[in-house]
file model.txt (compact mmCIF, C-alpha atoms)
# COMPACT_ATOMS: atom_id res chain seq x y z
CA MET A 1 99.11 138.04 111.39
CA VAL A 2 102.29 136.59 112.80
CA ARG A 3 100.38 133.73 114.44
CA LYS A 4 98.67 132.93 111.11
CA ALA A 5 102.01 132.85 109.36
CA CYS A 6 103.40 130.52 112.05
CA VAL A 7 100.43 128.18 111.79
CA LEU A 8 100.74 128.15 108.00
CA GLY A 9 104.47 127.54 108.34
CA LEU A 10 103.92 124.63 110.73
CA GLY A 11 101.30 123.19 108.40
CA LEU A 12 103.73 123.34 105.52
CA ALA A 13 106.45 121.81 107.67
CA PHE A 14 104.24 118.85 108.65
CA ALA A 15 103.07 118.40 105.05
CA SER A 16 106.62 118.45 103.84
CA ALA A 17 107.80 116.09 106.62
CA GLY A 18 104.97 113.69 105.81
CA SER A 19 105.97 113.61 102.17
CA ALA A 20 109.61 113.13 103.05
CA LEU A 21 108.82 110.31 105.51
CA ALA A 22 106.81 108.57 102.78
CA ASP A 23 109.89 108.71 100.55
CA GLY A 24 112.18 107.77 103.47
CA ILE A 25 114.88 110.27 102.54
CA ILE A 26 115.46 113.63 104.14
CA THR A 27 118.36 115.65 102.84
CA PHE A 28 119.74 118.79 104.46
CA GLU A 29 122.46 120.71 102.66
CA GLY A 30 124.71 123.61 103.56
CA THR A 31 127.97 125.15 102.44
CA LEU A 32 130.55 126.49 104.85
CA ASN A 33 133.11 128.94 103.48
CA SER A 34 136.54 129.18 105.02
CA SER A 35 136.59 132.07 107.45
CA CYS A 36 138.50 133.56 110.32
CA ALA A 37 137.50 136.01 113.03
CA LEU A 38 140.01 137.53 115.41
CA SER A 39 138.75 139.72 118.20
CA VAL A 40 140.52 141.27 121.15
CA SER A 41 138.44 140.57 124.28
CA THR A 42 140.98 142.20 126.63
CA ALA A 43 143.24 145.02 125.46
CA GLY A 44 146.74 144.79 126.91
CA THR A 45 148.27 147.52 129.08
CA LEU A 46 151.88 148.09 130.14
CA ALA A 47 153.22 148.60 133.67
CA LEU A 48 156.69 149.26 135.06
CA SER A 49 158.67 146.58 136.90
CA ALA A 50 159.79 147.15 140.48
CA ASP A 51 163.40 147.80 139.38
CA GLY A 52 162.29 150.22 136.61
CA THR A 53 163.94 148.34 133.71
CA ILE A 54 160.92 146.52 132.20
CA LEU A 55 157.71 148.08 130.93
CA GLY A 56 155.46 145.11 130.27
CA SER A 57 151.97 143.72 130.33
CA GLU A 58 153.16 140.79 132.46
CA GLN A 59 154.27 143.12 135.26
CA THR A 60 152.16 143.84 138.33
CA GLY A 61 149.55 146.41 137.30
CA GLY A 62 149.80 145.49 133.59
CA THR A 63 147.24 143.49 131.64
CA SER A 64 147.81 140.71 129.11
CA ALA A 65 145.95 140.99 125.81
CA VAL A 66 143.45 138.19 125.16
CA LEU A 67 142.26 137.29 121.66
CA THR A 68 139.40 135.04 120.63
CA ILE A 69 139.93 133.11 117.40
CA VAL A 70 137.10 131.51 115.44
CA ALA A 71 138.42 129.74 112.35
CA VAL A 72 136.75 127.50 109.79
CA GLY A 73 139.06 125.71 107.35
CA SER A 74 142.83 125.56 107.33
CA ASN A 75 144.18 128.81 108.78
CA GLN A 76 147.42 129.79 110.45
CA ILE A 77 147.98 132.32 113.20
CA THR A 78 151.16 134.40 112.88
CA VAL A 79 152.36 136.50 115.80
CA GLY A 80 154.69 139.20 114.48
CA THR A 81 157.63 141.03 115.99
CA PRO A 82 156.34 143.84 118.24
CA THR A 83 157.18 147.48 117.54
CA LEU A 84 157.34 150.57 119.71
CA THR A 85 154.56 152.77 118.32
CA ASP A 86 154.68 155.61 120.84
CA SER A 87 157.16 156.93 123.40
CA PRO A 88 157.86 160.27 125.08
CA ALA A 89 160.45 162.69 123.68
CA GLY A 90 162.83 162.10 126.59
CA TYR A 91 163.03 158.35 126.14
CA THR A 92 166.35 156.83 125.00
CA SER A 93 165.51 153.78 122.90
CA SER A 94 169.08 152.68 122.16
CA GLY A 95 169.72 149.42 123.97
CA GLN A 96 166.04 148.58 124.34
CA ARG A 97 164.65 145.12 123.61
CA ILE A 98 160.98 144.73 122.57
CA GLU A 99 159.60 141.22 122.94
CA TYR A 100 156.34 139.32 123.10
CA SER A 101 155.14 136.00 124.44
CA TYR A 102 151.97 134.04 123.87
CA ALA A 103 150.17 131.11 125.43
CA GLY A 104 147.15 129.27 124.08
CA LEU A 105 144.19 128.96 126.43
CA ASN A 106 140.90 127.27 125.48
CA GLY A 107 141.31 125.21 122.32
CA LEU A 108 145.02 125.91 122.06
CA SER A 109 146.38 124.39 125.26
CA GLY A 110 150.05 123.52 124.85
CA VAL A 111 150.62 126.22 122.20
CA THR A 112 153.25 128.60 123.54
CA SER A 113 156.01 130.90 122.33
CA GLY A 114 158.35 129.35 124.92
CA GLY A 115 158.95 132.59 126.79
CA PHE A 116 159.60 136.13 125.53
CA THR A 117 160.99 136.45 121.99
CA SER A 118 161.31 139.01 119.20
CA THR A 119 161.05 136.42 116.41
CA SER A 120 157.80 135.97 114.48
CA LYS A 121 156.12 132.60 115.14
CA GLN A 122 153.25 130.59 113.59
CA PHE A 123 150.82 127.88 114.63
CA ASN A 124 147.62 126.33 113.27
CA ALA A 125 144.30 127.89 114.23
CA THR A 126 141.58 125.71 115.72
CA ILE A 127 137.85 126.25 115.30
CA LEU A 128 137.39 128.14 118.58
CA SER A 129 140.26 129.18 120.78
CA THR A 130 141.70 131.86 123.01
CA LEU A 131 145.21 133.28 122.96
CA LYS A 132 146.95 135.35 125.64
CA VAL A 133 149.65 137.76 124.38
CA ASP A 134 152.13 139.78 126.45
CA ASN A 135 154.43 142.58 125.26
CA HIS A 136 157.34 144.16 127.06
CA ILE A 137 160.17 146.62 126.58
CA VAL A 138 163.40 145.88 128.40
CA ASN A 139 165.73 148.84 128.84
CA THR A 140 168.45 148.82 131.48
CA THR A 141 168.74 152.62 131.26
CA GLY A 142 165.13 152.96 132.38
CA PHE A 143 162.14 154.91 131.06
CA ALA A 144 161.28 158.61 130.87
CA THR A 145 157.85 159.71 132.07
CA GLY A 146 155.17 159.80 129.37
CA HIS A 147 153.06 157.56 127.17
CA TYR A 148 154.42 154.32 125.66
CA ALA A 149 152.75 151.93 123.24
CA THR A 150 153.89 148.66 121.72
CA THR A 151 151.98 146.82 119.01
CA THR A 152 152.13 143.16 118.07
CA VAL A 153 150.38 142.24 114.83
CA VAL A 154 148.52 138.93 115.14
CA THR A 155 147.43 137.62 111.73
CA CYS A 156 144.98 134.88 110.84
CA GLY A 157 145.65 133.84 107.25
CA MET B 1 119.03 107.80 116.42
CA ARG B 2 116.83 109.83 114.06
CA LEU B 3 116.46 112.57 116.72
CA THR B 4 120.21 112.63 117.27
CA GLY B 5 120.68 113.15 113.55
CA VAL B 6 118.16 115.99 113.51
CA MET B 7 119.85 117.62 116.54
CA LEU B 8 123.21 117.39 114.81
CA VAL B 9 121.79 119.05 111.70
CA LEU B 10 120.21 121.80 113.84
CA ALA B 11 123.49 122.32 115.66
CA ALA B 12 125.31 122.59 112.32
CA ALA B 13 122.70 125.08 111.08
CA LEU B 14 123.14 127.17 114.24
CA LEU B 15 126.90 127.09 113.83
CA MET B 16 126.55 128.26 110.22
CA THR B 17 124.24 131.08 111.31
CA ALA B 18 126.59 132.13 114.09
CA SER B 19 129.63 132.16 111.82
CA GLY B 20 127.66 134.19 109.28
CA ARG B 21 127.10 136.96 111.82
CA ALA B 22 130.48 136.90 113.49
CA GLN B 23 133.13 136.38 110.87
CA SER B 24 135.82 138.87 110.05
CA LEU B 25 136.63 137.69 106.54
CA SER B 26 135.13 135.02 104.32
CA PRO B 27 136.08 133.24 102.17
CA MET B 28 139.73 133.16 103.20
CA HIS B 29 140.85 131.80 99.82
CA ASN B 30 139.38 131.82 96.32
CA LYS B 31 140.47 131.34 92.72
CA GLY B 32 138.71 132.22 89.49
CA MET B 33 139.15 132.92 85.78
CA THR B 34 138.59 136.25 84.05
CA PRO B 35 137.98 136.94 80.35
CA SER B 36 139.55 140.41 80.74
CA ASP B 37 142.72 141.48 82.56
CA VAL B 38 140.92 142.36 85.78
CA LYS B 39 139.61 139.86 88.33
CA GLY B 40 137.22 140.69 91.14
CA PHE B 41 136.05 138.80 94.20
CA SER B 42 133.16 139.48 96.54
CA LEU B 43 134.18 139.11 100.19
CA LEU B 44 132.21 139.23 103.41
CA VAL B 45 133.66 141.37 106.20
CA GLY B 46 132.14 141.08 109.67
CA ASN B 47 132.40 142.75 113.06
CA PRO B 48 132.87 140.16 115.85
CA TYR B 49 133.11 142.81 118.59
CA LYS B 50 130.44 143.96 121.01
CA GLN B 51 130.68 147.58 119.88
CA ARG B 52 130.50 149.45 116.56
CA MET B 53 133.93 149.22 114.89
CA THR B 54 135.66 150.71 111.87
CA PHE B 55 137.85 148.36 109.86
CA VAL B 56 140.30 149.14 107.05
CA LEU B 57 140.90 146.79 104.14
CA VAL B 58 144.27 146.70 102.37
CA ALA B 59 145.40 144.82 99.24
CA MET B 60 148.74 143.22 100.06
CA ASP B 61 151.25 140.74 98.65
CA PRO B 62 150.49 137.05 99.32
CA GLY B 63 152.94 137.06 102.25
CA PHE B 64 150.95 139.88 103.94
CA SER B 65 154.09 142.02 104.22
CA ALA B 66 153.49 145.04 101.94
CA PRO B 67 150.66 146.79 100.06
CA VAL B 68 150.49 146.12 96.30
CA GLU B 69 149.79 148.25 93.23
CA GLY B 70 147.05 147.60 90.69
CA ALA B 71 144.47 146.43 93.22
CA GLU B 72 141.47 148.15 94.77
CA ILE B 73 139.02 147.30 97.48
CA ALA B 74 135.66 149.03 97.59
CA PRO B 75 134.88 150.23 100.14
CA SER B 76 138.35 150.27 101.70
CA GLU B 77 136.96 151.28 105.10
CA VAL B 78 133.79 149.97 106.69
CA THR B 79 132.04 150.80 109.95
CA LEU B 80 129.88 147.93 111.20
CA ALA B 81 127.43 147.41 114.02
CA PRO B 82 128.26 144.57 116.45
CA GLY B 83 127.76 141.13 114.91
CA TYR B 84 126.95 142.47 111.45
CA SER B 85 128.74 141.91 108.16
CA ARG B 86 128.74 143.40 104.69
CA ARG B 87 130.14 142.58 101.28
CA VAL B 88 133.14 144.36 99.76
CA ILE B 89 134.65 143.94 96.31
CA ALA B 90 138.36 143.30 95.80
CA ALA B 91 139.49 143.78 92.17
CA PHE B 92 143.00 143.58 90.79
CA LYS B 93 144.77 143.77 87.46
CA ILE B 94 146.61 140.77 86.03
CA PHE B 95 149.74 142.10 84.38
CA PRO B 96 150.30 141.45 80.61
CA ASP B 97 153.30 139.17 81.12
CA ALA B 98 151.51 136.94 83.66
CA LYS B 99 148.92 134.15 83.35
CA GLU B 100 147.69 134.65 86.87
CA ARG B 101 148.08 136.85 89.92
CA THR B 102 147.51 136.28 93.61
CA ILE B 103 146.92 139.08 96.07
CA ALA B 104 146.00 139.15 99.74
CA VAL B 105 143.26 141.22 101.33
CA CYS B 106 143.85 142.11 104.97
CA VAL B 107 141.14 143.39 107.30
CA MET B 108 142.10 145.12 110.55
CA PRO B 109 140.64 147.59 113.03
CA LYS B 110 141.43 151.24 112.19
CA LYS B 111 143.39 151.55 115.46
CA PRO B 112 145.35 148.93 117.47
CA LEU B 113 143.47 147.48 120.44
CA GLY B 114 145.81 147.92 123.38
CA THR B 115 149.09 146.16 122.68
CA VAL B 116 147.73 144.02 119.80
CA MET B 117 146.67 144.69 116.22
CA PRO B 118 144.49 141.74 115.12
CA ARG B 119 144.50 141.17 111.35
CA VAL B 120 142.71 138.67 109.12
CA CYS B 121 144.19 138.11 105.66
CA GLY B 122 142.84 135.97 102.81
CA THR B 123 144.45 135.17 99.46
CA TYR B 124 142.73 135.40 96.07
CA THR B 125 143.99 134.26 92.67
CA GLY B 126 142.84 135.49 89.27
CA LEU B 127 143.57 133.40 86.17
CA LEU B 128 143.61 134.84 82.63
CA ALA B 129 141.20 132.94 80.36
CA GLY B 130 142.91 131.60 77.25
CA ALA B 131 146.40 132.09 78.65
CA GLY B 132 147.07 128.34 78.70
CA GLY B 133 149.10 126.49 81.29

call {"tool": "encode", "arguments": {"input": "model.txt", "output": "structure tokens"}}
result
Amino acid sequence: MVRKACVLGLGLAFASAGSALADGIITFEGTLNSSCALSVSTAGTLALSADGTILGSEQTGGTSAVLTIVAVGSNQITVGTPTLTDSPAGYTSSGQRIEYSYAGLNGLSGVTSGGFTSTSKQFNATILSTLKVDNHIVNTTGFATGHYATTTVVTCG
Amino acid sequence: MRLTGVMLVLAAALLMTASGRAQSLSPMHNKGMTPSDVKGFSLLVGNPYKQRMTFVLVAMDPGFSAPVEGAEIAPSEVTLAPGYSRRVIAAFKIFPDAKERTIAVCVMPKKPLGTVMPRVCGTYTGLLAGAGG
């Protein structure tokens, strides 16, 4: 059944190609809508610095977040100010500094936040690219034991 | 030369197919007129991940900073298999003293992924028919 359909399909394709060749014009058409896909291929994790004052994904034992961006049309990527979304009851947040940094990899080489910052930044998306994002909390008074989470919103729009 | 042209067309067709199965939000921008005071747009939301994911959709201001009133997205939460997409409807009211209104629709995973919350936001404008200007 499938083979018959394939043979019929091929027959139609040749018939159609023959007709088109006789006319000398073959037209293919398609419409691409603007779109953007952001996906996190590596989720970031935080680790404590040797001196105990920085909890960050760039530290030994931490993991940078990696995002894949697929964009069609004119789109901008905005990396927002990170926030502390979870911390243990014993943690003293006064005096803390929460910052992020990013660096473009494939398709975005040269795009960088210029080190850690807490200010939102923007750049133009390319059709296929990869972005590495780090988050850290700096607190000279140190960190209580427990679970911490920081979140940076990365927007394609 | 002719073969190169055909290969290019095939490559473009493959690219279109791939983007159709892996996009998060499309189109990213649209504009249209309405004869009533409500404008709706059909949007395609996709899951680019390798696992089943639940996404939430929120109607926001055009600067993507805060949710807005008088706008609904149906469904406002979708669970999708890897690589699949589905249509949602975003509809919003155009207020009596305005000729047009622009809202944003933001799509994001239900929970942050590690230290990052990826978000895709498009903007959509409804124009009141017969309002002039």

call {"tool": "atom_distance", "arguments": {"input": "model.txt", "atom1": "CA of Val58 (chain B)", "atom2": "CA of Asn124 (chain A)"}}
result
23.3 Å

call {"tool": "interface_residues", "arguments": {"input": "model.txt", "of": "chain B", "to": "chain A", "cutoff": "6 Å", "atoms": "all atoms listed in the file", "output": "ChimeraX atom specification"}}
result
/B:23-28,113-122

call {"tool": "residues_around", "arguments": {"input": "model.txt", "residues": "Gly70 (chain B)", "least_positions_apart": "2", "cutoff": "8 Å", "atoms": "all atoms listed in the file", "output": "ChimeraX atom specification"}}
result
/B:68,72,92-93

call {"tool": "closest_residue", "arguments": {"input": "model.txt", "among": "B:Met33, B:Met108, B:Ala91, B:Leu127", "to": "Leu57 (chain B)", "atoms": "all atoms listed in the file"}}
result
B:Met108

call {"tool": "atom_distance", "arguments": {"input": "model.txt", "atom1": "CA of Gly142 (chain A)", "atom2": "CA of Thr53 (chain A)"}}
result
5.0 Å

call {"tool": "decode", "arguments": {"input": "model.txt", "residues": "region 22-79 of chain A", "atoms": "C-alpha atoms", "output": "mmCIF file, in the first residue's frame"}}
result
data_model
loop_
_atom_site.group_PDB
_atom_site.id
_atom_site.type_symbol
_atom_site.label_atom_id
_atom_site.label_comp_id
_atom_site.auth_asym_id
_atom_site.auth_seq_id
_atom_site.Cartn_x
_atom_site.Cartn_y
_atom_site.Cartn_z
ATOM 1 C CA ALA A 22 8.539 22.308 -20.776
ATOM 2 C CA ASP A 23 7.452 25.709 -19.444
ATOM 3 C CA GLY A 24 10.982 26.456 -18.165
ATOM 4 C CA ILE A 25 9.791 27.948 -14.887
ATOM 5 C CA ILE A 26 9.736 26.231 -11.530
ATOM 6 C CA THR A 27 8.516 28.259 -8.600
ATOM 7 C CA PHE A 28 8.802 27.248 -4.959
ATOM 8 C CA GLU A 29 7.155 29.418 -2.337
ATOM 9 C CA GLY A 30 7.196 29.513 1.443
ATOM 10 C CA THR A 31 6.442 31.933 4.236
ATOM 11 C CA LEU A 32 8.568 32.209 7.350
ATOM 12 C CA ASN A 33 6.984 33.828 10.402
ATOM 13 C CA SER A 34 9.126 35.639 12.922
ATOM 14 C CA SER A 35 9.847 33.301 15.810
ATOM 15 C CA CYS A 36 12.111 32.777 18.762
ATOM 16 C CA ALA A 37 12.972 29.679 20.767
ATOM 17 C CA LEU A 38 14.974 29.841 23.976
ATOM 18 C CA SER A 39 15.958 26.618 25.640
ATOM 19 C CA VAL A 40 18.214 25.920 28.584
ATOM 20 C CA SER A 41 20.589 23.096 27.607
ATOM 21 C CA THR A 42 22.517 23.245 30.902
ATOM 22 C CA ALA A 43 20.860 24.383 34.126
ATOM 23 C CA GLY A 44 23.153 26.479 36.302
ATOM 24 C CA THR A 45 24.143 25.480 39.836
ATOM 25 C CA LEU A 46 25.776 27.524 42.605
ATOM 26 C CA ALA A 47 28.880 26.635 44.632
ATOM 27 C CA LEU A 48 30.704 28.381 47.468
ATOM 28 C CA SER A 49 34.043 30.123 46.949
ATOM 29 C CA ALA A 50 37.109 29.025 48.908
ATOM 30 C CA ASP A 51 36.880 32.071 51.211
ATOM 31 C CA GLY A 52 33.119 31.556 51.797
ATOM 32 C CA THR A 53 32.014 35.004 50.569
ATOM 33 C CA ILE A 54 30.744 34.159 47.048
ATOM 34 C CA LEU A 55 28.058 31.650 46.127
ATOM 35 C CA GLY A 56 28.257 31.455 42.359
ATOM 36 C CA SER A 57 27.975 29.308 39.279
ATOM 37 C CA GLU A 58 31.458 30.415 38.184
ATOM 38 C CA GLN A 59 33.047 28.958 41.326
ATOM 39 C CA THR A 60 34.715 25.551 41.425
ATOM 40 C CA GLY A 61 31.935 22.969 41.693
ATOM 41 C CA GLY A 62 29.305 25.327 40.216
ATOM 42 C CA THR A 63 27.871 25.120 36.712
ATOM 43 C CA SER A 64 27.198 27.938 34.249
ATOM 44 C CA ALA A 65 23.772 27.975 32.602
ATOM 45 C CA VAL A 66 23.830 27.519 28.826
ATOM 46 C CA LEU A 67 20.971 28.661 26.587
ATOM 47 C CA THR A 68 20.344 27.883 22.938
ATOM 48 C CA ILE A 69 18.671 30.647 20.945
ATOM 49 C CA VAL A 70 16.968 30.072 17.598
ATOM 50 C CA ALA A 71 15.562 33.315 16.213
ATOM 51 C CA VAL A 72 13.980 34.192 12.880
ATOM 52 C CA GLY A 73 13.388 37.891 12.213
ATOM 53 C CA SER A 74 14.496 40.876 14.250
ATOM 54 C CA ASN A 75 14.580 39.872 17.916
ATOM 55 C CA GLN A 76 16.433 41.164 20.942
ATOM 56 C CA ILE A 77 17.731 39.221 23.916
ATOM 57 C CA THR A 78 17.384 40.959 27.285
ATOM 58 C CA VAL A 79 19.199 39.613 30.330
#
